[in-house]
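> Structure provided below as structure tokens; questions to follow.
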Number of protein chains: 4
Amino acid sequence: MSLGGRSNLRIPSHGRRLRLGFVGGGRGGLVGEWHAAGARLSNRWEVVAGALSSDPINAAESAKDWLIAADRSYADYHDMARAEATRPDGIDAVVICTPNWNHYEAAATFMRAGIDVILDKPMTTSLADAESLVRLQRETGLALVMTYPYTYHAMVRQARHMVEAGAVGPIRLVHVEYLQEWGVEPPDPGFKGALWRRDPAKAGRASAGADIGTHAYHLLHYVSGKDVTDVRAEFHVCGAPKDMEDTVFANIRLEGGIPGLLWLTQAAPGQYCGLRLRIWGEKGGLEWDQQFPEQLRYTPLGGAEQTIVRGRGAGMLSPAENLVHLPRGHGEALTDAWGNLYAEAAIAIEARRSGRSLPKGSIEPSGALEGLQGMRFVEACVDSHEGGGVWVKLKRELAIG
Amino acid sequence: MSLGGRSNLRIPSHGRRLRLGFVGGGRGGLVGEWHAAGARLSNRWEVVAGALSSDPINAAESAKDWLIAADRSYADYHDMARAEATRPDGIDAVVICTPNWNHYEAAATFMRAGIDVILDKPMTTSLADAESLVRLQRETGLALVMTYPYTYHAMVRQARHMVEAGAVGPIRLVHVEYLQEWGVEPPDPGFKGALWRRDPAKAGRASAGADIGTHAYHLLHYVSGKDVTDVRAEFHVCGAPKDMEDTVFANIRLEGGIPGLLWLTQAAPGQYCGLRLRIWGEKGGLEWDQQFPEQLRYTPLGGAEQTIVRGRGAGMLSPAENLVHLPRGHGEALTDAWGNLYAEAAIAIEARRSGRSLPKGSIEPSGALEGLQGMRFVEACVDSHEGGGVWVKLKRELAIG
Amino acid sequence: MSLGGRSNLRIPSHGRRLRLGFVGGGRGGLVGEWHAAGARLSNRWEVVAGALSSDPINAAESAKDWLIAADRSYADYHDMARAEATRPDGIDAVVICTPNWNHYEAAATFMRAGIDVILDKPMTTSLADAESLVRLQRETGLALVMTYPYTYHAMVRQARHMVEAGAVGPIRLVHVEYLQEWGVEPPDPGFKGALWRRDPAKAGRASAGADIGTHAYHLLHYVSGKDVTDVRAEFHVCGAPKDMEDTVFANIRLEGGIPGLLWLTQAAPGQYCGLRLRIWGEKGGLEWDQQFPEQLRYTPLGGAEQTIVRGRGAGMLSPAENLVHLPRGHGEALTDAWGNLYAEAAIAIEARRSGRSLPKGSIEPSGALEGLQGMRFVEACVDSHEGGGVWVKLKRELAIG
Amino acid sequence: MSLGGRSNLRIPSHGRRLRLGFVGGGRGGLVGEWHAAGARLSNRWEVVAGALSSDPINAAESAKDWLIAADRSYADYHDMARAEATRPDGIDAVVICTPNWNHYEAAATFMRAGIDVILDKPMTTSLADAESLVRLQRETGLALVMTYPYTYHAMVRQARHMVEAGAVGPIRLVHVEYLQEWGVEPPDPGFKGALWRRDPAKAGRASAGADIGTHAYHLLHYVSGKDVTDVRAEFHVCGAPKDMEDTVFANIRLEGGIPGLLWLTQAAPGQYCGLRLRIWGEKGGLEWDQQFPEQLRYTPLGGAEQTIVRGRGAGMLSPAENLVHLPRGHGEALTDAWGNLYAEAAIAIEARRSGRSLPKGSIEPSGALEGLQGMRFVEACVDSHEGGGVWVKLKRELAIG
């Protein structure tokens with residue numbers, strides 16, 4: 001038995017770290033720090049530029065926090081795109097982690113400037129914008145990496161590859177839930193993220209649906225390997241009064257008519273970040289809980305139930321072992337998942353820049369299509385809800401344009 | 001600190017045990033033994049008569065297993081009702097734990113003979129029959145105790161009374177699921193219970209819906225203190241092919257429009273008896289899992305989460321303490337819940353016979369209305385499913401004609 | 001897949017229940033009800049006689065609680081032994097569940113009267129008395145069943161037989177703990193069990209050591225299949241001041257020099273009944289926690305960890321399946337274990353009375369030697385502690401006389 | 001309710017990152033990457049120099065992995081100390097994460113060169129060396145930060161401050177265990193860390209005792225706030241044959257005579273990194289398990305048990321909130337703890353360099369005395385074991401020199 005074995009994810013590929021810029025991420029925001037932590041941990045990026053806030057003072061102060069040079073701290077991301085695209089030491093990629101309503105314009109701006117984009121979910125605030133971004137990505141050939149971090153947990157990758165290898169047999173039933181509690185009470189006025197997430201002008205047509213529904217959808221899609229083809233949804237406000245839904249119930253069908261439930265709430269006291277996926281097939285079941293990310297419950301039909309624990313060996317599949325940094329029992333969690341995401345984003349972007357293709361399955365970053373699919377799911381939920389709970393079909397993965 | 005304190009549940013009230021007869025419960029059945037174990041454990045009943053099987057040989061052999069005298073082992077329950085009603089030492093009550101399709105006729109037969117009835121769920125195979133039984137119960141004044149054993153777990157009673165006392169505040173959202181695995185594969189031909197549960201002529205209009213849906217519905221109703229007013233359901237076969245559903249997804253509304261999900265499957269490998277209730281209100285949440293029945297998770301909003309463990313003190317409410325037999329940490333489980341059910345059934349029946357009324361809240365047996373409500377829920381699910389997923393209203397508790 | 005299959009444990013063997021008498025078990029006591037519940041649940045016993053308390057009023061009142069006829073409620077157990085031994089319908093066996101200091105005299109009295117004995121642990125308050133009882137048992141040939149209920153949990157039996165079958169390979173290390181909290185505060189004066197357990201005249205030379213140490217010792221012995229050969233112990237008072245220890249640390253050696261730790265406390269807030277056994281060998285580990293008795297954690301070296309859950313199939317061994325009454329996921333717990341104990345005691349006593357031998361392994365009741373071994377362990381701990389922590393050797397299983 | 005609030009730990013204090021050198025950490029090692037990941041995640045360090053291996057080729061190749069410039073990759077750490085001490089852009093501190101036998105010489109070398117030291121545990125391989133390092137630290141006034149990462153988990157800090165605030169009352173009993181499985185089988189020859197850890201010339205007088213015993217000891221000391229005053233230990237080889245112990249049983253006394261158990265093994269299949277601390281006092285208990293680091297179990301005597309989950313509010317104390325980076329339910333784990341360690345090390349070293357004192361309690365890095373205490377504990381265990389299990393007294397914290 002060895003505790004050794006090493007992932008190469010945190011070793012920069014070509015003797016240098018890539019240069020990263022941020023749009024969003026300034027003080028008072030929530031997720032910018034998570035992106036930055038992942039980038040640092042990956043050891044493949046240095047953050048050198050940013051338009052960290054739409055508030056110029058916040059942008060400048062936040063840039064100091066991150067040791068971004070004053071001349072590369074921009075008050076406007078359009079300026080940033082122009083300037084960085086022409087500097088010899090310009091950024092290799094930009095992260096966009098603003099509120100949703102900036103996603104489309106910011107992503108398009110940088111792509112038009114020839115800069116690879118790492119984009120937070122949901123992709124945009126409208127389906128049309130999402131389709132435009134996919135088209136733009138195809139036209140430019142740039143990388144457009146969507147940041148769905150949960151799929152970079154080793155045990156989520158393990159689940160995906162176990163499903164692919166037939167561990168549960170043909171899938172027959174799925175249940176995914178994403179439960180939070182922060183919408184129970186009126187938002188703290190200082191928590192800007194709570195305010196724009198409930199504002200249709202800023203969040204898009206859905207609130208919880210866009211915010212956490214895209215995560216739940218993508219996790220299910222990634223692990224099952226199947227598209228959602230149909231959805232019937234209803235929206236509710238279960239927490240403090242608000243202008244948009246904090247709760248979504250969705251009945252779904254996966255390819256082949258497989259039934260499932262996907263539901264969301266931000267109004268469940270005691271549910272902090274309760275993202276839980278369960279997939280049942282003819283031969284077994286798999287269950288994963290984001291709050292205990294190191295463990296995957298596997299229940300082969302007729303056998304003793306198993307807990308597969310992150311580490312090397314003992315049932316781990318090779319693509320999942322690629323994401324292992326610490327020996328079994330020394331915990332990894334969400335920060336490590338973000339690190340994996342940024343490592344794989346770097347590898348993908350380096351490959352695009354160098355024109356090299358990567359061995360299939362060596363990395364599994366989510367791209368423009370996964371962003372679009374997330375939007376299609378959200379929009380279909382809204383359409384269903386607005387239609388009084390009718391079934392709505394989702395377009396399939398490749399059918400854009 | 002004391003480990004002492006004693007429940008009086010297992011002390012017979014009037015110096016004798018009540019005499020109990022069984023319809024159903026013979027060899028090859030599943031639940032008869034659970035009822036009998038509860039009756040024995042309660043120390044308030046002796047099993048003295050039975051029509052244990054529709055197969056006379058099985059009936060006679062099974063009677064020997066249970067030490068029922070040969071002259072009180074009946075091949076036909078109609079004979080049993082007649083004979084026991086006239087014996088001076090006739091049974092004080094009958095348990096009906098046959099397959100569903102006998103429930104109505106058997107219950108009506110014994111009630112017409114003046115004998116109190118303890119009846120397994122679902123109450124009947126049709127709503128009309130259920131309403132007839134309720135009317136018959138009202139006309140006769142007899143006890144008609146429905147056996148929903150989960151509500152006799154101390155921690156379920158604790159949950160109910162915490163809700164009533166406002167621990168979670170006004171309820172805003174509920175989720176209940178009951179997940180099993182035995183429908184994944186074709187049934188073992190020797191397991192008769194699997195065969196009749198999938199036969200519409202014997203199970204009623206629903207299979208999983210009737211079998212475990214009534215439990216899930218009743219648990220939710222009992223703990224929340226609220227009726228389901230509307231339901232929209234879809235039925236699926238997710239396990240081995242079969243003539244009736246093994247999976248039910250139901251969107252529900254509780255009184256006041258509170259949204260919820262209630263779903264069932266018998267096709268989830270690794271889910272043995274996964275009955276889980278979660279109730280969230282404005283001030284907190286409560287979660288209970290039948291497979292870990294000693295623990296109740298309570299999450300007061302803004303406070304540390306609590307695990308209330310069955311025992312005396314440490315947050316236990318008095319009605320729940322009434323169901324405590326062992327000190328905290330010495331496990332009680334389903335057998336103990338059945339024991340509590342049979343103890344409370346005895347107390348209720350003794351009270352009826354003696355004309356005494358019991359202090360409110362001293363016992364909480366489920367009766368005819370709870371049986372009817374379970375049927376209404378199942379029928380509404382079927383109606384919704386057959387209507388293509390329309391919303392169906394449930395009649396309210398007292399509205400029978 | 002079938003939920004069926006039936007244990008025969010609760011079917012009386014010869015068309016009648018055995019008649020049981022109790023010494024101890026009256027109101028205010030703790031464990032008498034547990035014994036009685038097990039006896040009732042087993043369906044193999046009826047409680048017909050008792051000397052339920054040394055207080056005659058309590059004895060009489062308690063007899064009414066249990067529906068013992070007045071003429072078979074005795075104020076003195078010596079009278080009971082005499083009377084019952086001569087009645088044609090006299091008791092088939094007696095349960096002795098008094099405070100420790102009565103065990104020897106009561107057991108000897110009934111054995112001398114020719115009555116089989118079911119005896120609570122610890123066997124006696126002195127080693128000499130324990131050896132006397134073993135001799136008496138050998139001379140009389142009567143059954144002397146020690147009530148160590150934990151070894152009647154299906155998953156404990158599963159663990160024992162997995163060890164025997166080599167699932168963990170040769171054992172190399174063990175850890176067992178039994179942790180409670182009731183000694184943190186001064187005892188409630190109304191809780192008599194707390195008072196005599198701390199009184200050397202009544203409890204024996206050890207308090208926690210005798211009370212829960214015998215359980216921990218026996219569980220380890222039963223599952224590992226190995227004797228403790230050497231012990232080094234130290235005693236502490238960690239809770240409220242008291243005259244005897246509430247905490248024991250013991251370093252142990254099993255046969256072959258296998259090292260282990262066995263430790264006890266009754267002064268750990270939040271530990272209700274934390275009896276936990278862990279056995280590690282060259283090929284795997286097994287872990288069982290009394291508070292979650294349905295699950296056995298099995299960790300084969302180099303494989304995914306397994307949770308074996310009580311039920312039929314899915315890794316369960318046949319001797320463990322014999323103790324299964326409910327399908328997997330419908331909970332059994334301590335009451336069910338007591339039921340199994342009383343069923344096996346009945347079978348053993350019937351076999352003795354009829355002179356028939358039972359198939360090896362069909363039942364596994366603990367007998368006089370297991371009682372003696374428990375005493376030897378406790379006495380060795382006391383000797384070690386009094387000797388300043390010296391190593392003390394235990395006599396081996398058969399070496400009495 | 002807000003998800004916001006931000007720790008300042010990852011914001012560099014003076015507009016620059018500190019420059020860090022590594023001794024050890026090259027390919028094939030285990031812990032170097034953990035240190036480096038923590039340094040990167042902290043955002044307060046850049047790794048600019050290293051003597052990463054005693055093998056010059058490994059050193060050079062490893063330096064490339066970490067983007068260390070060739071002229072700052074040293075084959076010998078003595079050269080590195082000299083060169084870096086004189087460069088204007090020389091390192092601000094050095095990490096020493098070599099095998100144990102290099103700790104003393106390397107630490108002393110850099111301290112003599114005036115460079116602050118971050119040193120892995122155990123401090124040295126002999127008590128004399130440890131005392132020398134403490135003296136050297138006092139003479140030079142340099143920072144000597146010991147890397148005990150577990151005490152940088154938010155919930156460990158929470159535990160410490162809850163103890164300090166009286167949440168459990170006066171401590172009466174403690175139990176700490178650190179269990180691993182990698183010593184069950186002979187070491188993989190490629191896993192160098194397994195080889196030197198079992199070599200007395202390289203590991204010191206103890207193997208498991210030094211490797212994981214120092215962690216267990218320090219965790220207990222940190223949370224309880226108490227020194228171990230006396231120890232009685234025995235050493236065993238429970239896994240594959242080896243020259244040094246893989247298992248340690250230690251009876252301990254904390255200040256005031258509080259009894260406890262501390263035990264270790266590396267031969268328990270299924271125990272990956274099972275570091276578990278339990279502290280019981282007169283008013284409650286606290287339990288923490290390294291494998292589930294986000295949760296702290298708190299059991300106030302007589303109340304419902306609580307699970308305090310990492311996050312802001314809901315029972316979290318301010319010093320623990322300082323270590324919180326992600327909202328409750330978004331997981332942090334060991335990598336985050338290393339990040340916290342390196343952030344606090346940076347703050348401590350900046351404070352030393354600038355001569356500023358920090359507000360009491362603002363950071364809690366472990367220093368030279370904690371390193372020495374760890375060594376004293378290990379040495380006392382060895383002395384006790386070699387003395388046949390005699391009680392050995394530990395010197396107290398300040399008594400050196």
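A note on labels: chains of the structure tokens are A, B, ... as shown, every chain counts residues from 1, and ligands are counted from 1 in their shown order.
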Listing only residues of chain D within 12 Å of chain B, what is the closest atom pair and its distance in Å (to one decimal) for each, using only C-alpha atoms, sorted by chain and residue number ascending, as JSON lines?

{"residue": "D:Met1", "atom": "CA", "partner": "B:Gly302", "partner_atom": "CA", "distance": 8.1}
{"residue": "D:Ser2", "atom": "CA", "partner": "B:Gly302", "partner_atom": "CA", "distance": 10.7}
{"residue": "D:Gln295", "atom": "CA", "partner": "B:Glu305", "partner_atom": "CA", "distance": 10.4}
{"residue": "D:Leu296", "atom": "CA", "partner": "B:Ala304", "partner_atom": "CA", "distance": 10.2}
{"residue": "D:Arg297", "atom": "CA", "partner": "B:Gln306", "partner_atom": "CA", "distance": 9.6}
{"residue": "D:Tyr298", "atom": "CA", "partner": "B:Gln306", "partner_atom": "CA", "distance": 9.4}
{"residue": "D:Thr299", "atom": "CA", "partner": "B:Gln306", "partner_atom": "CA", "distance": 9.6}
{"residue": "D:Pro300", "atom": "CA", "partner": "B:Ala314", "partner_atom": "CA", "distance": 9.2}
{"residue": "D:Leu301", "atom": "CA", "partner": "B:Ala314", "partner_atom": "CA", "distance": 8.2}
{"residue": "D:Gly302", "atom": "CA", "partner": "B:Ala314", "partner_atom": "CA", "distance": 4.9}
{"residue": "D:Gly303", "atom": "CA", "partner": "B:Ala314", "partner_atom": "CA", "distance": 4.2}
{"residue": "D:Ala304", "atom": "CA", "partner": "B:Ala314", "partner_atom": "CA", "distance": 5.0}
{"residue": "D:Glu305", "atom": "CA", "partner": "B:Thr307", "partner_atom": "CA", "distance": 5.4}
{"residue": "D:Gln306", "atom": "CA", "partner": "B:Gln306", "partner_atom": "CA", "distance": 4.4}
{"residue": "D:Thr307", "atom": "CA", "partner": "B:Glu305", "partner_atom": "CA", "distance": 5.4}
{"residue": "D:Ile308", "atom": "CA", "partner": "B:Ala304", "partner_atom": "CA", "distance": 5.3}
{"residue": "D:Val309", "atom": "CA", "partner": "B:Ala304", "partner_atom": "CA", "distance": 7.4}
{"residue": "D:Arg310", "atom": "CA", "partner": "B:Ala304", "partner_atom": "CA", "distance": 10.1}
{"residue": "D:Gly311", "atom": "CA", "partner": "B:Ala304", "partner_atom": "CA", "distance": 10.6}
{"residue": "D:Arg312", "atom": "CA", "partner": "B:Gly302", "partner_atom": "CA", "distance": 9.7}
{"residue": "D:Gly313", "atom": "CA", "partner": "B:Gly302", "partner_atom": "CA", "distance": 6.9}
{"residue": "D:Ala314", "atom": "CA", "partner": "B:Gly303", "partner_atom": "CA", "distance": 4.2}
{"residue": "D:Gly315", "atom": "CA", "partner": "B:Ala304", "partner_atom": "CA", "distance": 5.7}
{"residue": "D:Met316", "atom": "CA", "partner": "B:Ala304", "partner_atom": "CA", "distance": 8.6}
{"residue": "D:Leu317", "atom": "CA", "partner": "B:Ala304", "partner_atom": "CA", "distance": 11.9}
{"residue": "D:Arg328", "atom": "CA", "partner": "B:Ala304", "partner_atom": "CA", "distance": 11.5}
> Where in region 192-315 of chain C does DSSP assign alpha helix (DSSP H), given as a ChimeraX atom specification?
/C:192-197,200-203,208,214-224
> Could you write those residues out with C-alpha atoms, as a PDB file, in the first residue's frame?

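Saved to result.pdb:
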ATOM      1  CA  LYS C 192     -32.051   3.061  42.938  1.00  0.00           C
ATOM      2  CA  GLY C 193     -29.988   1.460  40.218  1.00  0.00           C
ATOM      3  CA  ALA C 194     -27.530   4.310  40.406  1.00  0.00           C
ATOM      4  CA  LEU C 195     -27.164   3.939  44.147  1.00  0.00           C
ATOM      5  CA  TRP C 196     -26.424   0.257  44.483  1.00  0.00           C
ATOM      6  CA  ARG C 197     -24.145   0.274  41.450  1.00  0.00           C
ATOM      7  CA  PRO C 200     -19.161  -1.966  47.027  1.00  0.00           C
ATOM      8  CA  ALA C 201     -21.333  -4.079  49.266  1.00  0.00           C
ATOM      9  CA  LYS C 202     -23.892  -4.463  46.536  1.00  0.00           C
ATOM     10  CA  ALA C 203     -22.115  -4.106  43.229  1.00  0.00           C
ATOM     11  CA  ALA C 208     -18.605   0.529  35.907  1.00  0.00           C
ATOM     12  CA  THR C 214     -18.721  -7.265  31.436  1.00  0.00           C
ATOM     13  CA  HIS C 215     -20.741  -6.312  28.366  1.00  0.00           C
ATOM     14  CA  ALA C 216     -17.741  -4.848  26.583  1.00  0.00           C
ATOM     15  CA  TYR C 217     -15.573  -7.815  27.490  1.00  0.00           C
ATOM     16  CA  HIS C 218     -18.155 -10.344  26.399  1.00  0.00           C
ATOM     17  CA  LEU C 219     -18.901  -8.597  23.120  1.00  0.00           C
ATOM     18  CA  LEU C 220     -15.218  -8.614  22.263  1.00  0.00           C
ATOM     19  CA  HIS C 221     -14.826 -12.224  23.289  1.00  0.00           C
ATOM     20  CA  TYR C 222     -17.903 -13.316  21.381  1.00  0.00           C
ATOM     21  CA  VAL C 223     -17.044 -11.606  18.123  1.00  0.00           C
ATOM     22  CA  SER C 224     -13.300 -12.206  18.145  1.00  0.00           C
TER      23      SER C 224
END
> Write out as JSON lines the residues of region 266-338 of chain B that have any atom within 9 Å of an atom of region 173-191 of chain A, one row each with the nearest atom pair and its distance in Å to one decimal, counting only C-alpha atoms, sorted by chain and then rising number.

{"residue": "B:Ala267", "atom": "CA", "partner": "A:Leu173", "partner_atom": "CA", "distance": 8.1}
{"residue": "B:Ala268", "atom": "CA", "partner": "A:Leu173", "partner_atom": "CA", "distance": 7.6}
{"residue": "B:Gly281", "atom": "CA", "partner": "A:Val184", "partner_atom": "CA", "distance": 8.6}
{"residue": "B:Glu282", "atom": "CA", "partner": "A:Val184", "partner_atom": "CA", "distance": 6.6}
{"residue": "B:Lys283", "atom": "CA", "partner": "A:Val184", "partner_atom": "CA", "distance": 8.4}
{"residue": "B:Leu301", "atom": "CA", "partner": "A:Val184", "partner_atom": "CA", "distance": 8.6}
> Excluding Pro359 (chain C) and any residue of its chain fewer than 4 positions from it, enumerate the residues within 12 Å of it, using only C-alpha atoms, and give them as a list of chain:residue names.
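Residues meeting the cut-off are C:Pro319, C:Ile347, C:Ala348, C:Ala351, C:Ile363, C:Glu364.
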> Between CA of Asp199 (chain D) and CA of Tyr74 (chain D), what is the spacing in Å?
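The value is 26.3 Å.
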> Take CA of Arg82 (chain D) and CA of Leu30 (chain D) and report the distance between them in Å, one decimal.
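CA of Arg82 (chain D) sits 26.7 Å away from CA of Leu30 (chain D).
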> Grab the CA of His330 (chain D) to CA of Thr335 (chain A) distance for me, in Å with one decimal place.
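Taking CA of His330 (chain D) and CA of Thr335 (chain A), their separation equals 8.8 Å.
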> Can you pull out every residue within 12 Å of region 126-131 of chain A, counting only C-alpha atoms, but drop anything in the same chain fewer than 5 positions away, and send it as a PyMOL selection string?
chain A and resi 100-108+119+121+136-138+144+146+200-206+210+367-380+382-383+394-395+397-401
> Print the selection's residues with C-alpha atoms to a file, as a short mmCIF file (atom, residue, chain, number, x, y, z; two decimals), in the first residue's frame.

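So the final result, stored in result-v7.cif, reads:
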data_model
loop_
_atom_site.label_atom_id
_atom_site.label_comp_id
_atom_site.auth_asym_id
_atom_site.auth_seq_id
_atom_site.Cartn_x
_atom_site.Cartn_y
_atom_site.Cartn_z
CA ASN A 100 -25.74 37.29 -14.46
CA TRP A 101 -26.84 40.24 -16.52
CA ASN A 102 -23.27 41.10 -17.49
CA HIS A 103 -22.32 37.62 -18.59
CA TYR A 104 -23.31 37.87 -22.21
CA GLU A 105 -21.87 41.29 -22.94
CA ALA A 106 -18.66 40.64 -21.06
CA ALA A 107 -18.07 37.22 -22.58
CA ALA A 108 -18.80 38.47 -26.07
CA LEU A 119 -17.58 32.09 -17.45
CA LYS A 121 -23.10 30.04 -14.57
CA LEU A 136 -19.43 33.21 -31.23
CA GLN A 137 -17.40 30.47 -29.63
CA ARG A 138 -17.73 28.36 -32.75
CA LEU A 144 -15.39 29.15 -23.42
CA MET A 146 -18.26 27.21 -17.95
CA PRO A 200 -35.62 39.83 -13.02
CA ALA A 201 -33.71 42.57 -14.79
CA LYS A 202 -30.46 41.21 -13.46
CA ALA A 203 -30.92 37.50 -12.82
CA GLY A 204 -32.81 36.51 -15.96
CA ARG A 205 -36.22 34.90 -16.09
CA ALA A 206 -35.50 32.64 -13.11
CA ALA A 210 -30.80 30.05 -12.67
CA GLY A 367 -17.86 24.29 -22.37
CA ALA A 368 -20.23 26.45 -24.32
CA LEU A 369 -22.74 23.71 -25.00
CA GLU A 370 -23.00 22.86 -21.34
CA GLY A 371 -23.64 26.51 -20.69
CA LEU A 372 -26.36 26.57 -23.31
CA GLN A 373 -27.94 23.39 -22.00
CA GLY A 374 -28.13 24.91 -18.56
CA MET A 375 -29.95 27.90 -20.01
CA ARG A 376 -32.28 25.68 -21.98
CA PHE A 377 -33.15 23.86 -18.81
CA VAL A 378 -33.87 27.06 -16.92
CA GLU A 379 -35.90 28.53 -19.74
CA ALA A 380 -37.91 25.35 -20.14
CA VAL A 382 -39.90 29.03 -16.73
CA ASP A 383 -41.95 28.24 -19.82
CA LEU A 394 -35.79 20.95 -24.47
CA LYS A 395 -33.77 21.33 -27.63
CA GLU A 397 -27.36 19.38 -27.36
CA LEU A 398 -26.22 20.03 -30.90
CA ALA A 399 -29.32 21.70 -32.24
CA ILE A 400 -28.35 25.33 -32.25
CA GLY A 401 -28.07 27.86 -35.04
#
> Applying 12 Å and only C-alpha atoms, which residues near Glu350 (chain D) remain after dropping the ones on its own chain fewer than 2 positions away? List them as an MDAnalysis selection string.
chainID D and resid 12:19 44:45 92:93 116 142:143 343:348 352:358
> Might you pull out every residue within 7 Å of Ile118 (chain B), with only C-alpha atoms counted and same-chain residues fewer than 5 positions away left off, and present them as a PyMOL selection string?
chain B and resi 94-96+144-147
> Write the residues of the preceding selection, restricted to all heavy atoms, as a short mmCIF file (atom, residue, chain, number, x, y, z; two decimals), in the first residue's frame.

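Result file again_36.cif:
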data_model
loop_
_atom_site.label_atom_id
_atom_site.label_comp_id
_atom_site.auth_asym_id
_atom_site.auth_seq_id
_atom_site.Cartn_x
_atom_site.Cartn_y
_atom_site.Cartn_z
N VAL B 94 -60.49 -7.56 16.40
CA VAL B 94 -59.89 -8.34 15.33
C VAL B 94 -58.89 -7.48 14.58
O VAL B 94 -59.09 -6.28 14.41
CB VAL B 94 -60.97 -8.86 14.36
CG1 VAL B 94 -61.60 -7.72 13.54
CG2 VAL B 94 -60.40 -9.92 13.40
N VAL B 95 -57.81 -8.11 14.20
CA VAL B 95 -56.82 -7.47 13.31
C VAL B 95 -57.08 -7.96 11.90
O VAL B 95 -57.19 -9.18 11.70
CB VAL B 95 -55.39 -7.87 13.69
CG1 VAL B 95 -54.40 -7.31 12.67
CG2 VAL B 95 -55.07 -7.45 15.09
N ILE B 96 -57.15 -7.06 10.95
CA ILE B 96 -57.27 -7.48 9.56
C ILE B 96 -56.00 -7.09 8.84
O ILE B 96 -55.69 -5.90 8.66
CB ILE B 96 -58.51 -6.83 8.92
CG1 ILE B 96 -59.76 -7.34 9.65
CG2 ILE B 96 -58.57 -7.14 7.42
CD1 ILE B 96 -60.99 -6.52 9.37
N LEU B 144 -62.28 1.71 15.05
CA LEU B 144 -61.68 1.24 13.80
C LEU B 144 -60.30 1.87 13.76
O LEU B 144 -60.15 3.04 13.41
CB LEU B 144 -62.54 1.66 12.59
CG LEU B 144 -61.95 1.34 11.21
CD1 LEU B 144 -61.52 -0.11 11.10
CD2 LEU B 144 -62.97 1.66 10.12
N VAL B 145 -59.32 1.11 14.20
CA VAL B 145 -57.96 1.62 14.32
C VAL B 145 -57.18 1.27 13.07
O VAL B 145 -57.09 0.09 12.71
CB VAL B 145 -57.26 1.03 15.56
CG1 VAL B 145 -55.80 1.47 15.63
CG2 VAL B 145 -58.01 1.42 16.83
N MET B 146 -56.66 2.27 12.39
CA MET B 146 -55.81 2.02 11.22
C MET B 146 -54.37 1.84 11.68
O MET B 146 -53.88 2.60 12.51
CB MET B 146 -55.88 3.21 10.26
CG MET B 146 -57.22 3.40 9.57
SD MET B 146 -57.75 1.98 8.55
CE MET B 146 -56.35 1.83 7.43
N THR B 147 -53.68 0.89 11.11
CA THR B 147 -52.30 0.61 11.57
C THR B 147 -51.28 1.31 10.68
O THR B 147 -50.80 0.76 9.70
CB THR B 147 -52.02 -0.90 11.65
OG1 THR B 147 -52.23 -1.48 10.37
CG2 THR B 147 -52.94 -1.55 12.65
#
